[in-house]
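Here is the structure we will look at, set down as structure tokens.
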Amino acid sequence: MNRFTLIALVGALFTPAVSHAQISCTREGLNAAVDLYIAAQTKGDTSGLPLAKGLGYVENFKAVNINEGVIKKPMKIDHQRSLLDTTTCQTFTEVIVSDKAAPYVLGTRLRVNHGLIAEIEMLWTTTGYWGFNVDNYLKYSTSEDWD
């Protein structure tokens with residue numbers, strides 16, 4: 001094995017693997033951010049999200065430690081759809097979880113900055129909140145056309 005091959009092999013072993021999809025302010029980049037968010041919410045694991053240092057994380061209008069947030073709760077998502085704003089580099093995603101034991105409706109805004117998620121703002125509701133009925137929400141929301 002020559003010196004060049006050895007250096008290349010050692011370099012490859014110590015180069016961190018790229019684990020995040022390319023996110024940006026394009027439609028494709030914002031869609032990639034949403035896909036990563038949906039995967040994180042499904043697993044209750046944010047390790048796959050490219051989060052900026054100093055991330056702003058807010059739930060129901062209150063700053064929350066992301067490690068204590070609803071985003072860390074694994075959920076089987078029954079319906080989701082997103083709006084992508086390439087001008088402001090933000091997304092809005094509606095998520096409906098109709099699990100009878102733990103139903104949720106989430107509205108999540110992501111703001112992307114320099115290829116990282118800089119802000120996550122989430123409004124959520126569940127059983128016990130005034131007027132909450134996940135079955136009706138799912139029924140009527142899926143009939144809406146957001147095109």
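Identifiers for the structure tokens are assigned positionally: chains receive A, B, ... in sequence, residues are indexed from 1 per chain, and ligands are indexed from 1 in the order shown.
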
Kindly assemble as a tab-separated table a list of the segment 30-63 of chain A residues that lie within 8 Å of segment 120-134 of chain A, each paired with its nearest atom pair and their distance in Å to one decimal, using only C-alpha atoms, sorted first by chain and then by ascending residue number.
```
residue	atom	partner	partner_atom	distance
A:Leu55	CA	A:Ile120	CA	7.7
A:Gly56	CA	A:Ile120	CA	6.2
A:Tyr57	CA	A:Ile120	CA	4.9
A:Val58	CA	A:Glu121	CA	4.7
A:Glu59	CA	A:Met122	CA	4.8
A:Asn60	CA	A:Leu123	CA	4.7
A:Phe61	CA	A:Leu123	CA	7.5
```

For segment 51-88 of chain A versus segment 102-115 of chain A, which residues have an atom no more than 9 Å away, and what is each residue's nearest atom pair and distance in Å rounded to one decimal, using only C-alpha atoms, chain-then-number order, as JSON lines?
```
{"residue": "A:Ala52", "atom": "CA", "partner": "A:Asn113", "partner_atom": "CA", "distance": 8.1}
{"residue": "A:Met75", "atom": "CA", "partner": "A:Ala102", "partner_atom": "CA", "distance": 8.5}
{"residue": "A:Thr88", "atom": "CA", "partner": "A:Arg111", "partner_atom": "CA", "distance": 8.0}
```

* Asked: Which parts of segment 48-131 of chain A does DSSP call strand (DSSP E or B) when run on the backbone here, written out as JSON, numbers by chain?
  -> {"A": [51, 52, 53, 54, 55, 56, 57, 58, 59, 62, 63, 79, 80, 81, 82, 83, 84, 85, 90, 91, 92, 93, 94, 95, 96, 97, 104, 105, 106, 107, 108, 109, 110, 111, 112, 113, 116, 117, 118, 119, 120, 121, 122, 123, 124, 125, 126]}

* **Members of chain A assigned helix (DSSP H, G or I) by DSSP, as a ChimeraX atom specification** => /A:3-14,27-43,46-48,66-68,70-72,134-142

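From atom CA of Thr42 of chain A back to atom CA of Ile77 of chain A, the distance works out to 6.7 Å.
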
* Report the distance between atom CA of Thr26 of chain A and atom CA of Ile117 of chain A in Å, rounded to one decimal place. => 13.9 Å

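Residue nearest Gln80 of chain A within the list A:Leu36, A:Ile23, A:Leu138, A:Ile66: A:Leu138 [criterion: smallest interatomic distance, only C-alpha atoms].
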